[in-house]
Amino acid sequence: MVKRKLFSKKVKFLSLSILINFFNTSCITNNNENVFQAILDDSWSFRLKENPLFATNVGVHSFNDQLPSNKLEDIYRRERFWKTILNRLELIDENTLDEQGKMNYRIFQRIVKDRIFSFKYKSYLMPFNADSGFHIGLALLPNRVPLATLEDYENYIARLNSIPSYMDDHIALLREGIKLGMTVPQIVLNGYEFTIKTHVVKDPEKSVFYKPFLDIPNSVSKDEHQRLRDLGRGAVINSVVEGYKHFLIFFEKEYYPKARQNIGAADLPDGVAYYQYCINHFTTLDLTPYEVHNLGLQEVDRIKSEMMAIIEQVGFNGSFQDFLKYLRTDPRFYANTPEELLKEASFIAKRMDAQLPKLFKSLPSLPYGVQAVPVHIAPKYTSGRYVGAPKGSTEPGYYWVNTYALDKRPLYNLEALTLHEAVPGHHLQNAIAQELENLPNFRQYLYLSAFGEGWGLYSEWLGLEVGFYTDPYSNFGRLTYEMWRACRLVVDTGIHAFGWTRAEVIEYLTSRTALPMHEITTETDRYISWPGQALSYKIGELKIKELRSYAESILQENFDVRRFHDAILSNGSIPLDILESQLKIWVEKEQKK
């Protein structure tokens, strides 16, 4: 009996110890979760306040009358803020978080570190590249703000009147870049003034910024319409035009003449480390320039053999180069009017709409439209792009098709382009992400290029599974698009790590893809001015294909491509290494079904 009592006391003592330990662990876990949530909340509030354009785009309208301030002191303040956030993050033991919390922590920590590196390498001193930039994005403002009430219009006018100071802020950053040798290479800026000059108009009603005043909705009192139009004209002429005119003078007289003559990122201050940062940023993987370059060479060789098989299939008599010349020059492969090109793109998109239930179990509700690339950016712009809808707007997503220089926009590429930019590519991907629930705000609106562009390129290939590319020329177009992305691994690293010239890049692309020469030159300038971004497509696609092969090999006859695609898109935009770990967890769950 004595032993039993002693044993009983010991059990009670151990139970109490376990209970206390559990209580302490639970308290630590709850505390860390609360601390992490507070960090996320503080960061989100900071982003909204610091970037009113971003706030509007995500449906927060407290700052709709403002544009961001981008003075150097603002940049330094933001850097200090994110360093403080990182310090706070590192006080948390991520192992005390639940599985979803751990994933959120790892993604957020990566993003914060990435931002701090961006400040370190002063990428803010180059706020535009060959086909995009702060002034180009600003011209989308009329389509990305709410315009239903009197207050909406007054906020919009206030924003227009803020454009001169917005331009001045960026001019000051660009001047600092000139001083430090951090400029966009001069060679890619030939003709770039068009993207600025197009907004320097004499008639305010010819400005894209005046568009909202042409058709003021009835929800705004008609007594206010004329006043708003007068204010709109004044804001366009006195603020928009003057702001762009000031930027144009600076660009032509100061920036362009002093822009750097070299083209590689390695030639920038601390350029080797900067380019490594760019690779890590855009691929979300730890890869060296050598690894990327060699991977590209391997993919180029593989795709070339598939292209040669199609040349043989169509019975073409001539060399590979002869076939590329034939594709670039025969009128049968080109639309005669912008309307014809847009109609063909729309028809392809609609055909794919009908195939989506075979590829996905979950489909989004947001529709999309097909539009021409805006005239003011078309000459230097890529062949197509997806533009998402701001949250809470009445706008759909849009698949943009470039109708500039029709003889440079081949129809044999159009199936691949459409599947990439519209469905099952970027529209589907982005629309699904908008509808995901239980994600923290920072992930709801996150876009990581390796995931996003990898999915886009994978989507091109996916057309093979649902009856696209039956025309061998269209299939060659798909392969030339894939070859284009493989070549990017070679030429991007060639430019920024191995000293390639612009001419070498153009020759490499010309001799291996059927891209029109106009597109080859605009794309080359894009790679020169945007180090690393072009790597994301092929790296991301290869990872998604690798994960699909893994899932198919494990699940075999139980593999369901619809559930696989839902699993890939179910977490929104995430780094590729985290995508891999999540997909393997999904495979384990599928095995147990």
# chains A, B, ... in the order shown; residues from 1 in each chain; ligands from 1
$ residues_around --residues "Glu252 (chain A)" --least-positions-apart "3" --cutoff "12 Å" --atoms "only C-alpha atoms" --output "PDB file with C-alpha atoms, in the first residue's frame"
ATOM      1  CA  GLN A 186      21.503  54.575 -72.787  1.00  0.00           C
ATOM      2  CA  LEU A 189      16.394  54.433 -74.244  1.00  0.00           C
ATOM      3  CA  ASN A 190      16.305  55.267 -77.950  1.00  0.00           C
ATOM      4  CA  GLY A 191      12.704  56.267 -78.668  1.00  0.00           C
ATOM      5  CA  TYR A 192      11.759  56.009 -75.006  1.00  0.00           C
ATOM      6  CA  GLU A 193      10.770  59.676 -74.926  1.00  0.00           C
ATOM      7  CA  PHE A 194       7.552  58.628 -76.711  1.00  0.00           C
ATOM      8  CA  ILE A 196       6.540  60.638 -71.902  1.00  0.00           C
ATOM      9  CA  LYS A 197       5.831  62.912 -74.850  1.00  0.00           C
ATOM     10  CA  LYS A 245       6.730  68.174 -69.747  1.00  0.00           C
ATOM     11  CA  HIS A 246       9.179  68.735 -66.894  1.00  0.00           C
ATOM     12  CA  PHE A 247      10.065  65.041 -66.921  1.00  0.00           C
ATOM     13  CA  LEU A 248      10.452  65.070 -70.711  1.00  0.00           C
ATOM     14  CA  ILE A 249      12.885  68.007 -70.597  1.00  0.00           C
ATOM     15  CA  TYR A 255      19.161  61.788 -68.231  1.00  0.00           C
ATOM     16  CA  TYR A 256      19.589  60.349 -71.705  1.00  0.00           C
ATOM     17  CA  PRO A 257      22.914  62.114 -72.426  1.00  0.00           C
ATOM     18  CA  LYS A 258      24.343  60.980 -69.081  1.00  0.00           C
ATOM     19  CA  ALA A 259      22.958  57.434 -69.059  1.00  0.00           C
TER      20      ALA A 259
END
$ residues_around --residues "region 376-380 of chain A" --least-positions-apart "5" --cutoff "10 Å" --atoms "only C-alpha atoms" --output "list in words"
Ala130, Asp131, Ser132, Ile136, Ala139, Val188, Leu189, Asn190, Gly191, Tyr192, Phe194, Thr195, Ile196, Lys197, Thr198, His199, Val208, Val401, Asn402, Thr403, Tyr404, Ala405, His518, Glu519, Thr521, Thr522, Glu523, Asp525 and Arg526 of chain A
$ select_by_dssp --residues "region 394-538 of chain A" --states "strand (DSSP E or B)" --output "PyMOL selection string"
chain A and resi 397-401+410
$ atom_distance --atom1 "CA of Leu569 (chain A)" --atom2 "CA of Trp586 (chain A)"
12.2 Å
$ closest_atom_pairs --of "region 530-575 of chain A" --to "region 429-447 of chain A" --cutoff "12 Å" --atoms "only C-alpha atoms" --output "tab-separated table"
residue	atom	partner	partner_atom	distance
A:Ser536	CA	A:Tyr447	CA	12.0
A:His565	CA	A:Gln429	CA	10.2
A:Asp566	CA	A:Ile432	CA	9.5
A:Ala567	CA	A:Ile432	CA	11.7
A:Ile568	CA	A:Gln429	CA	9.8
A:Leu569	CA	A:Gln429	CA	6.7
A:Ser570	CA	A:Leu436	CA	7.4
A:Asn571	CA	A:Ala433	CA	7.6
A:Gly572	CA	A:Ala433	CA	5.0
A:Ser573	CA	A:Tyr447	CA	5.6
A:Ile574	CA	A:Tyr447	CA	8.0
A:Pro575	CA	A:Tyr447	CA	9.8
$ write_last_selection --atoms "N, CA and C atoms" --output "PDB file, in the first residue's frame"
ATOM      1  N   SER A 536      12.636  34.231 -64.542  1.00  0.00           N
ATOM      2  CA  SER A 536      11.567  33.659 -63.731  1.00  0.00           C
ATOM      3  C   SER A 536      10.688  32.692 -64.518  1.00  0.00           C
ATOM      4  N   HIS A 565      -3.724  20.922 -60.239  1.00  0.00           N
ATOM      5  CA  HIS A 565      -3.708  22.347 -60.577  1.00  0.00           C
ATOM      6  C   HIS A 565      -4.314  23.193 -59.461  1.00  0.00           C
ATOM      7  N   ASP A 566      -5.383  22.684 -58.863  1.00  0.00           N
ATOM      8  CA  ASP A 566      -5.960  23.406 -57.723  1.00  0.00           C
ATOM      9  C   ASP A 566      -4.950  23.517 -56.587  1.00  0.00           C
ATOM     10  N   ALA A 567      -4.181  22.444 -56.368  1.00  0.00           N
ATOM     11  CA  ALA A 567      -3.177  22.464 -55.301  1.00  0.00           C
ATOM     12  C   ALA A 567      -2.074  23.473 -55.601  1.00  0.00           C
ATOM     13  N   ILE A 568      -1.658  23.567 -56.851  1.00  0.00           N
ATOM     14  CA  ILE A 568      -0.615  24.517 -57.230  1.00  0.00           C
ATOM     15  C   ILE A 568      -1.075  25.955 -56.972  1.00  0.00           C
ATOM     16  N   LEU A 569      -2.345  26.237 -57.274  1.00  0.00           N
ATOM     17  CA  LEU A 569      -2.845  27.619 -57.163  1.00  0.00           C
ATOM     18  C   LEU A 569      -3.507  27.922 -55.825  1.00  0.00           C
ATOM     19  N   SER A 570      -3.610  26.916 -54.955  1.00  0.00           N
ATOM     20  CA  SER A 570      -4.420  27.079 -53.740  1.00  0.00           C
ATOM     21  C   SER A 570      -3.805  27.973 -52.679  1.00  0.00           C
ATOM     22  N   ASN A 571      -2.521  28.267 -52.788  1.00  0.00           N
ATOM     23  CA  ASN A 571      -1.864  29.120 -51.797  1.00  0.00           C
ATOM     24  C   ASN A 571      -1.513  30.501 -52.331  1.00  0.00           C
ATOM     25  N   GLY A 572      -1.988  30.805 -53.539  1.00  0.00           N
ATOM     26  CA  GLY A 572      -1.604  32.082 -54.134  1.00  0.00           C
ATOM     27  C   GLY A 572      -0.159  32.039 -54.586  1.00  0.00           C
ATOM     28  N   SER A 573       0.431  33.198 -54.694  1.00  0.00           N
ATOM     29  CA  SER A 573       1.809  33.315 -55.179  1.00  0.00           C
ATOM     30  C   SER A 573       2.784  33.037 -54.037  1.00  0.00           C
ATOM     31  N   ILE A 574       3.585  31.976 -54.192  1.00  0.00           N
ATOM     32  CA  ILE A 574       4.527  31.598 -53.138  1.00  0.00           C
ATOM     33  C   ILE A 574       5.887  31.273 -53.750  1.00  0.00           C
ATOM     34  N   PRO A 575       6.968  31.368 -52.961  1.00  0.00           N
ATOM     35  CA  PRO A 575       8.296  31.000 -53.463  1.00  0.00           C
ATOM     36  C   PRO A 575       8.334  29.541 -53.907  1.00  0.00           C
TER      37      PRO A 575
END
$ closest_residue --among "A:Pro338, A:Arg159, A:Asp301, A:Ile75" --to "Pro52 (chain A)" --atoms "only C-alpha atoms"
A:Arg159
$ closest_residue --among "A:Leu489, A:Lys543, A:Thr183, A:Ser305" --to "Ser581 (chain A)" --atoms "only C-alpha atoms"
A:Lys543
$ select_by_dssp --residues "region 192-245 of chain A" --states "helix (DSSP H, G or I)" --output "short mmCIF file (atom, residue, chain, number, x, y, z; two decimals) with N, CA, C and O atoms, in the first residue's frame"
data_model
loop_
_atom_site.label_atom_id
_atom_site.label_comp_id
_atom_site.auth_asym_id
_atom_site.auth_seq_id
_atom_site.Cartn_x
_atom_site.Cartn_y
_atom_site.Cartn_z
N PHE A 194 8.94 58.74 -76.27
CA PHE A 194 7.55 58.63 -76.71
C PHE A 194 6.62 58.33 -75.54
O PHE A 194 5.49 58.81 -75.50
N THR A 195 7.09 57.52 -74.59
CA THR A 195 6.24 57.15 -73.44
C THR A 195 5.96 58.35 -72.54
O THR A 195 5.05 58.29 -71.71
N ILE A 196 6.74 59.41 -72.69
CA ILE A 196 6.54 60.64 -71.90
C ILE A 196 5.83 61.68 -72.75
O ILE A 196 4.84 62.29 -72.33
N LYS A 197 6.32 61.86 -73.96
CA LYS A 197 5.83 62.91 -74.85
C LYS A 197 4.35 62.76 -75.18
O LYS A 197 3.64 63.75 -75.39
N PRO A 204 -6.63 69.27 -73.56
CA PRO A 204 -6.76 68.37 -72.41
C PRO A 204 -7.63 67.15 -72.70
O PRO A 204 -7.43 66.09 -72.12
N GLU A 205 -8.60 67.32 -73.60
CA GLU A 205 -9.50 66.21 -73.89
C GLU A 205 -8.82 65.10 -74.69
O GLU A 205 -9.38 64.01 -74.85
N LYS A 206 -7.60 65.34 -75.19
CA LYS A 206 -6.83 64.32 -75.89
C LYS A 206 -5.98 63.50 -74.92
O LYS A 206 -5.35 62.52 -75.30
N VAL A 208 -5.18 60.89 -71.89
CA VAL A 208 -5.81 59.71 -71.29
C VAL A 208 -6.30 60.03 -69.88
O VAL A 208 -7.24 59.40 -69.39
N PHE A 209 -5.71 61.03 -69.25
CA PHE A 209 -6.10 61.39 -67.89
C PHE A 209 -7.46 62.10 -67.85
O PHE A 209 -8.08 62.18 -66.79
N TYR A 210 -7.89 62.62 -69.00
CA TYR A 210 -9.18 63.32 -69.03
C TYR A 210 -10.35 62.36 -69.26
O TYR A 210 -11.51 62.74 -69.07
N LYS A 211 -10.07 61.14 -69.60
CA LYS A 211 -11.11 60.18 -69.96
C LYS A 211 -12.28 60.13 -68.97
O LYS A 211 -13.45 60.08 -69.39
N PRO A 212 -12.05 60.13 -67.65
CA PRO A 212 -13.19 60.04 -66.72
C PRO A 212 -14.18 61.21 -66.82
O PRO A 212 -15.33 61.07 -66.40
N PHE A 213 -13.75 62.33 -67.38
CA PHE A 213 -14.63 63.50 -67.45
C PHE A 213 -15.50 63.50 -68.71
O PHE A 213 -16.41 64.32 -68.84
N LEU A 214 -15.21 62.58 -69.63
CA LEU A 214 -16.00 62.51 -70.85
C LEU A 214 -17.36 61.89 -70.61
O LEU A 214 -18.31 62.15 -71.35
N LYS A 222 -25.86 66.07 -61.68
CA LYS A 222 -25.60 66.75 -62.95
C LYS A 222 -25.22 68.21 -62.74
O LYS A 222 -24.57 68.82 -63.60
N ASP A 223 -25.62 68.79 -61.61
CA ASP A 223 -25.23 70.17 -61.30
C ASP A 223 -23.72 70.31 -61.14
O ASP A 223 -23.19 71.42 -61.25
N GLU A 224 -23.06 69.20 -60.85
CA GLU A 224 -21.62 69.22 -60.62
C GLU A 224 -20.80 68.89 -61.87
O GLU A 224 -19.58 69.08 -61.88
N HIS A 225 -21.44 68.39 -62.90
CA HIS A 225 -20.69 67.88 -64.06
C HIS A 225 -19.80 68.92 -64.70
O HIS A 225 -18.61 68.66 -64.98
N GLN A 226 -20.35 70.08 -64.97
CA GLN A 226 -19.56 71.09 -65.66
C GLN A 226 -18.41 71.59 -64.79
O GLN A 226 -17.29 71.80 -65.27
N ARG A 227 -18.67 71.73 -63.49
CA ARG A 227 -17.60 72.16 -62.58
C ARG A 227 -16.47 71.15 -62.58
O ARG A 227 -15.28 71.51 -62.64
N LEU A 228 -16.83 69.88 -62.52
CA LEU A 228 -15.82 68.83 -62.50
C LEU A 228 -15.03 68.80 -63.82
O LEU A 228 -13.81 68.62 -63.82
N ARG A 229 -15.73 69.01 -64.94
CA ARG A 229 -15.02 69.04 -66.23
C ARG A 229 -14.04 70.21 -66.29
O ARG A 229 -12.91 70.06 -66.78
N ASP A 230 -14.46 71.34 -65.77
CA ASP A 230 -13.57 72.51 -65.77
C ASP A 230 -12.34 72.24 -64.88
O ASP A 230 -11.21 72.56 -65.26
N LEU A 231 -12.60 71.67 -63.71
CA LEU A 231 -11.48 71.33 -62.83
C LEU A 231 -10.58 70.27 -63.47
O LEU A 231 -9.36 70.32 -63.33
N GLY A 232 -11.20 69.33 -64.16
CA GLY A 232 -10.43 68.29 -64.84
C GLY A 232 -9.55 68.86 -65.93
O GLY A 232 -8.36 68.48 -66.04
N ARG A 233 -10.09 69.76 -66.74
CA ARG A 233 -9.28 70.39 -67.78
C ARG A 233 -8.09 71.14 -67.17
O ARG A 233 -6.96 71.05 -67.65
N GLY A 234 -8.39 71.87 -66.11
CA GLY A 234 -7.32 72.63 -65.46
C GLY A 234 -6.25 71.73 -64.89
O GLY A 234 -5.06 72.00 -65.02
N ALA A 235 -6.67 70.61 -64.25
CA ALA A 235 -5.71 69.68 -63.66
C ALA A 235 -4.85 69.02 -64.74
O ALA A 235 -3.64 68.86 -64.58
N VAL A 236 -5.46 68.68 -65.87
CA VAL A 236 -4.71 68.04 -66.95
C VAL A 236 -3.68 69.00 -67.53
O VAL A 236 -2.49 68.66 -67.67
N ILE A 237 -4.11 70.21 -67.86
CA ILE A 237 -3.19 71.17 -68.50
C ILE A 237 -2.14 71.69 -67.53
O ILE A 237 -0.94 71.75 -67.84
N ASN A 238 -2.57 72.06 -66.33
CA ASN A 238 -1.65 72.73 -65.39
C ASN A 238 -0.81 71.76 -64.56
O ASN A 238 0.26 72.16 -64.07
N SER A 239 -1.27 70.54 -64.41
CA SER A 239 -0.54 69.60 -63.56
C SER A 239 -0.01 68.40 -64.33
O SER A 239 1.19 68.13 -64.33
N VAL A 240 -0.91 67.70 -65.02
CA VAL A 240 -0.48 66.50 -65.74
C VAL A 240 0.51 66.87 -66.85
O VAL A 240 1.64 66.37 -66.90
N VAL A 241 0.08 67.77 -67.73
CA VAL A 241 0.93 68.13 -68.87
C VAL A 241 2.22 68.78 -68.38
O VAL A 241 3.31 68.46 -68.87
N GLU A 242 2.13 69.66 -67.41
CA GLU A 242 3.33 70.33 -66.91
C GLU A 242 4.27 69.34 -66.23
O GLU A 242 5.49 69.43 -66.37
N GLY A 243 3.70 68.39 -65.49
CA GLY A 243 4.53 67.39 -64.84
C GLY A 243 5.27 66.53 -65.84
O GLY A 243 6.48 66.30 -65.72
N TYR A 244 4.56 66.05 -66.86
CA TYR A 244 5.20 65.22 -67.88
C TYR A 244 6.16 66.05 -68.73
O TYR A 244 7.20 65.53 -69.17
N LYS A 245 5.83 67.31 -68.97
CA LYS A 245 6.73 68.17 -69.75
C LYS A 245 8.05 68.36 -69.01
O LYS A 245 9.13 68.31 -69.60
#
$ closest_residue --among "A:Pro269, A:Pro146, A:Pro289, A:Pro472" --to "Ile216 (chain A)" --atoms "only C-alpha atoms"
A:Pro146
$ residues_around --residues "Glu588 (chain A)" --least-positions-apart "6" --cutoff "12 Å" --atoms "only C-alpha atoms" --output "PDB file with all heavy atoms, in the first residue's frame"
ATOM      1  N   TYR A 550       6.636  14.428 -60.230  1.00  0.00           N
ATOM      2  CA  TYR A 550       6.750  13.793 -58.913  1.00  0.00           C
ATOM      3  C   TYR A 550       5.389  13.273 -58.454  1.00  0.00           C
ATOM      4  O   TYR A 550       5.261  12.108 -58.023  1.00  0.00           O
ATOM      5  CB  TYR A 550       7.296  14.798 -57.907  1.00  0.00           C
ATOM      6  CG  TYR A 550       7.216  14.335 -56.467  1.00  0.00           C
ATOM      7  CD1 TYR A 550       8.149  13.451 -55.945  1.00  0.00           C
ATOM      8  CD2 TYR A 550       6.190  14.782 -55.638  1.00  0.00           C
ATOM      9  CE1 TYR A 550       8.064  13.010 -54.632  1.00  0.00           C
ATOM     10  CE2 TYR A 550       6.090  14.358 -54.323  1.00  0.00           C
ATOM     11  CZ  TYR A 550       7.028  13.474 -53.821  1.00  0.00           C
ATOM     12  OH  TYR A 550       6.936  13.038 -52.526  1.00  0.00           O
ATOM     13  N   ALA A 551       4.361  14.114 -58.575  1.00  0.00           N
ATOM     14  CA  ALA A 551       3.022  13.719 -58.136  1.00  0.00           C
ATOM     15  C   ALA A 551       2.503  12.546 -58.963  1.00  0.00           C
ATOM     16  O   ALA A 551       1.905  11.603 -58.429  1.00  0.00           O
ATOM     17  CB  ALA A 551       2.068  14.910 -58.237  1.00  0.00           C
ATOM     18  N   ILE A 554       4.209   9.240 -57.922  1.00  0.00           N
ATOM     19  CA  ILE A 554       3.795   8.712 -56.607  1.00  0.00           C
ATOM     20  C   ILE A 554       2.335   8.244 -56.646  1.00  0.00           C
ATOM     21  O   ILE A 554       2.002   7.162 -56.169  1.00  0.00           O
ATOM     22  CB  ILE A 554       3.973   9.786 -55.509  1.00  0.00           C
ATOM     23  CG1 ILE A 554       5.439  10.202 -55.386  1.00  0.00           C
ATOM     24  CG2 ILE A 554       3.428   9.271 -54.170  1.00  0.00           C
ATOM     25  CD1 ILE A 554       6.382   9.121 -54.937  1.00  0.00           C
ATOM     26  N   LEU A 555       1.464   9.059 -57.234  1.00  0.00           N
ATOM     27  CA  LEU A 555       0.027   8.776 -57.193  1.00  0.00           C
ATOM     28  C   LEU A 555      -0.421   7.841 -58.303  1.00  0.00           C
ATOM     29  O   LEU A 555      -1.459   7.167 -58.177  1.00  0.00           O
ATOM     30  CB  LEU A 555      -0.765  10.091 -57.263  1.00  0.00           C
ATOM     31  CG  LEU A 555      -0.522  11.070 -56.111  1.00  0.00           C
ATOM     32  CD1 LEU A 555      -1.278  12.370 -56.358  1.00  0.00           C
ATOM     33  CD2 LEU A 555      -0.929  10.462 -54.779  1.00  0.00           C
ATOM     34  N   PHE A 559      -3.642   9.918 -59.719  1.00  0.00           N
ATOM     35  CA  PHE A 559      -3.319  11.318 -60.023  1.00  0.00           C
ATOM     36  C   PHE A 559      -4.476  11.956 -60.785  1.00  0.00           C
ATOM     37  O   PHE A 559      -4.947  11.429 -61.796  1.00  0.00           O
ATOM     38  CB  PHE A 559      -2.046  11.410 -60.861  1.00  0.00           C
ATOM     39  CG  PHE A 559      -1.700  12.822 -61.291  1.00  0.00           C
ATOM     40  CD1 PHE A 559      -1.080  13.696 -60.408  1.00  0.00           C
ATOM     41  CD2 PHE A 559      -2.013  13.270 -62.566  1.00  0.00           C
ATOM     42  CE1 PHE A 559      -0.771  14.988 -60.803  1.00  0.00           C
ATOM     43  CE2 PHE A 559      -1.699  14.559 -62.971  1.00  0.00           C
ATOM     44  CZ  PHE A 559      -1.079  15.418 -62.080  1.00  0.00           C
ATOM     45  N   SER A 581       7.535  22.173 -51.051  1.00  0.00           N
ATOM     46  CA  SER A 581       7.219  21.533 -49.768  1.00  0.00           C
ATOM     47  C   SER A 581       5.713  21.371 -49.592  1.00  0.00           C
ATOM     48  O   SER A 581       5.241  20.339 -49.094  1.00  0.00           O
ATOM     49  CB  SER A 581       7.818  22.330 -48.608  1.00  0.00           C
ATOM     50  OG  SER A 581       7.245  23.628 -48.525  1.00  0.00           O
ATOM     51  N   GLN A 582       4.928  22.361 -50.025  1.00  0.00           N
ATOM     52  CA  GLN A 582       3.473  22.274 -49.904  1.00  0.00           C
ATOM     53  C   GLN A 582       2.901  21.205 -50.834  1.00  0.00           C
ATOM     54  O   GLN A 582       1.956  20.491 -50.477  1.00  0.00           O
ATOM     55  CB  GLN A 582       2.839  23.635 -50.217  1.00  0.00           C
ATOM     56  CG  GLN A 582       3.106  24.695 -49.166  1.00  0.00           C
ATOM     57  CD  GLN A 582       2.551  24.320 -47.809  1.00  0.00           C
ATOM     58  OE1 GLN A 582       1.368  23.988 -47.667  1.00  0.00           O
ATOM     59  NE2 GLN A 582       3.390  24.347 -46.793  1.00  0.00           N
TER      60      GLN A 582
END
$ closest_residue --among "A:Leu414, A:Glu79, A:Asn155, A:Asn31" --to "Glu94 (chain A)" --atoms "only C-alpha atoms"
A:Asn31
$ residues_around --residues "Tyr121 (chain A)" --least-positions-apart "2" --cutoff "10 Å" --atoms "only C-alpha atoms" --output "ChimeraX atom specification"
/A:116-119,123-125,182,268-271,273-275,277
$ write_last_selection --atoms "C-alpha atoms" --output "PDB file, in the first residue's frame"
ATOM      1  CA  ILE A 116      16.145  45.435 -47.354  1.00  0.00           C
ATOM      2  CA  PHE A 117      18.474  44.093 -50.064  1.00  0.00           C
ATOM      3  CA  SER A 118      16.650  46.259 -52.584  1.00  0.00           C
ATOM      4  CA  PHE A 119      17.477  49.324 -50.492  1.00  0.00           C
ATOM      5  CA  SER A 123      17.353  49.795 -57.083  1.00  0.00           C
ATOM      6  CA  TYR A 124      15.013  52.715 -56.336  1.00  0.00           C
ATOM      7  CA  LEU A 125      17.405  54.911 -58.344  1.00  0.00           C
ATOM      8  CA  MET A 182      23.146  53.817 -61.419  1.00  0.00           C
ATOM      9  CA  LEU A 268      26.988  48.821 -61.665  1.00  0.00           C
ATOM     10  CA  PRO A 269      28.394  49.705 -58.229  1.00  0.00           C
ATOM     11  CA  ASP A 270      28.604  46.390 -56.320  1.00  0.00           C
ATOM     12  CA  GLY A 271      27.123  44.966 -59.496  1.00  0.00           C
ATOM     13  CA  ALA A 273      26.315  41.089 -55.748  1.00  0.00           C
ATOM     14  CA  TYR A 274      23.408  43.130 -57.135  1.00  0.00           C
ATOM     15  CA  TYR A 275      22.860  40.685 -59.999  1.00  0.00           C
ATOM     16  CA  TYR A 277      20.276  39.514 -55.605  1.00  0.00           C
TER      17      TYR A 277
END
$ closest_residue --among "A:Ser529, A:Asn70, A:Ser553, A:Gln313" --to "Leu174 (chain A)" --atoms "only C-alpha atoms"
A:Asn70
$ residues_around --residues "Ile506 (chain A)" --least-positions-apart "6" --cutoff "12 Å" --atoms "only C-alpha atoms" --output "number ranges by chain"
A: 484, 487-488, 491-492, 494-495, 500, 512-513, 515-528
$ write_last_selection --atoms "N, CA and C atoms" --output "CSV table (one decimal), in the first residue's frame"
chain,number,residue,atom,x,y,z
A,484,TRP,N,12.3,30.9,-76.6
A,484,TRP,CA,12.5,32.2,-76.2
A,484,TRP,C,12.8,32.3,-74.7
A,487,CYS,N,16.1,30.7,-74.0
A,487,CYS,CA,17.2,31.6,-74.4
A,487,CYS,C,17.4,32.7,-73.4
A,488,ARG,N,16.3,33.1,-72.7
A,488,ARG,CA,16.4,34.1,-71.7
A,488,ARG,C,17.4,33.8,-70.6
A,491,VAL,N,20.8,34.5,-72.2
A,491,VAL,CA,21.2,35.9,-72.6
A,491,VAL,C,21.1,36.8,-71.4
A,492,ASP,N,20.2,36.6,-70.4
A,492,ASP,CA,20.2,37.4,-69.2
A,492,ASP,C,21.4,37.3,-68.4
A,494,GLY,N,24.1,36.1,-69.7
A,494,GLY,CA,25.2,36.6,-70.6
A,494,GLY,C,25.4,38.1,-70.5
A,495,ILE,N,24.3,38.8,-70.5
A,495,ILE,CA,24.4,40.3,-70.4
A,495,ILE,C,25.0,40.7,-69.0
A,500,TRP,N,28.2,39.9,-72.3
A,500,TRP,CA,27.6,39.9,-73.7
A,500,TRP,C,27.2,41.3,-74.1
A,512,ARG,N,17.7,31.5,-83.1
A,512,ARG,CA,17.1,30.3,-82.4
A,512,ARG,C,15.6,30.4,-82.2
A,513,THR,N,15.0,31.6,-82.4
A,513,THR,CA,13.5,31.7,-82.3
A,513,THR,C,12.9,32.3,-83.6
A,515,LEU,N,10.7,34.6,-83.4
A,515,LEU,CA,10.2,35.9,-83.0
A,515,LEU,C,10.5,36.9,-84.1
A,516,PRO,N,9.6,37.9,-84.3
A,516,PRO,CA,9.9,39.0,-85.3
A,516,PRO,C,11.1,39.8,-84.8
A,517,MET,N,11.8,40.4,-85.7
A,517,MET,CA,12.9,41.2,-85.3
A,517,MET,C,12.5,42.4,-84.4
A,518,HIS,N,11.4,43.0,-84.6
A,518,HIS,CA,11.0,44.1,-83.7
A,518,HIS,C,10.8,43.6,-82.3
A,519,GLU,N,10.2,42.4,-82.1
A,519,GLU,CA,10.0,41.9,-80.8
A,519,GLU,C,11.4,41.5,-80.2
A,520,ILE,N,12.3,41.0,-81.0
A,520,ILE,CA,13.6,40.6,-80.5
A,520,ILE,C,14.3,41.8,-79.9
A,521,THR,N,14.3,42.9,-80.6
A,521,THR,CA,15.0,44.1,-80.1
A,521,THR,C,14.3,44.7,-78.9
A,522,THR,N,13.0,44.7,-78.9
A,522,THR,CA,12.3,45.3,-77.7
A,522,THR,C,12.5,44.3,-76.5
A,523,GLU,N,12.5,43.0,-76.7
A,523,GLU,CA,12.8,42.1,-75.6
A,523,GLU,C,14.2,42.2,-75.1
A,524,THR,N,15.2,42.3,-76.1
A,524,THR,CA,16.6,42.5,-75.7
A,524,THR,C,16.7,43.7,-74.8
A,525,ASP,N,16.1,44.8,-75.1
A,525,ASP,CA,16.2,46.0,-74.3
A,525,ASP,C,15.5,45.8,-72.9
A,526,ARG,N,14.5,45.0,-72.9
A,526,ARG,CA,13.9,44.7,-71.6
A,526,ARG,C,14.8,43.9,-70.7
A,527,TYR,N,15.5,42.9,-71.3
A,527,TYR,CA,16.4,42.1,-70.5
A,527,TYR,C,17.6,43.0,-70.0
A,528,ILE,N,18.1,43.9,-70.8
A,528,ILE,CA,19.2,44.8,-70.4
A,528,ILE,C,18.8,45.7,-69.2
$ residues_around --residues "Leu428 (chain A)" --least-positions-apart "2" --cutoff "12 Å" --atoms "only C-alpha atoms" --output "VMD selection string"
chain A and resid 349 352 to 353 356 359 to 360 362 to 368 386 to 388 396 to 399 418 to 426 430 to 435 452 455 to 456 459 565 to 566 569 to 570 572
$ closest_residue --among "A:Asp114, A:Glu306, A:Glu90, A:Glu151" --to "Leu448 (chain A)" --atoms "only C-alpha atoms"
A:Asp114
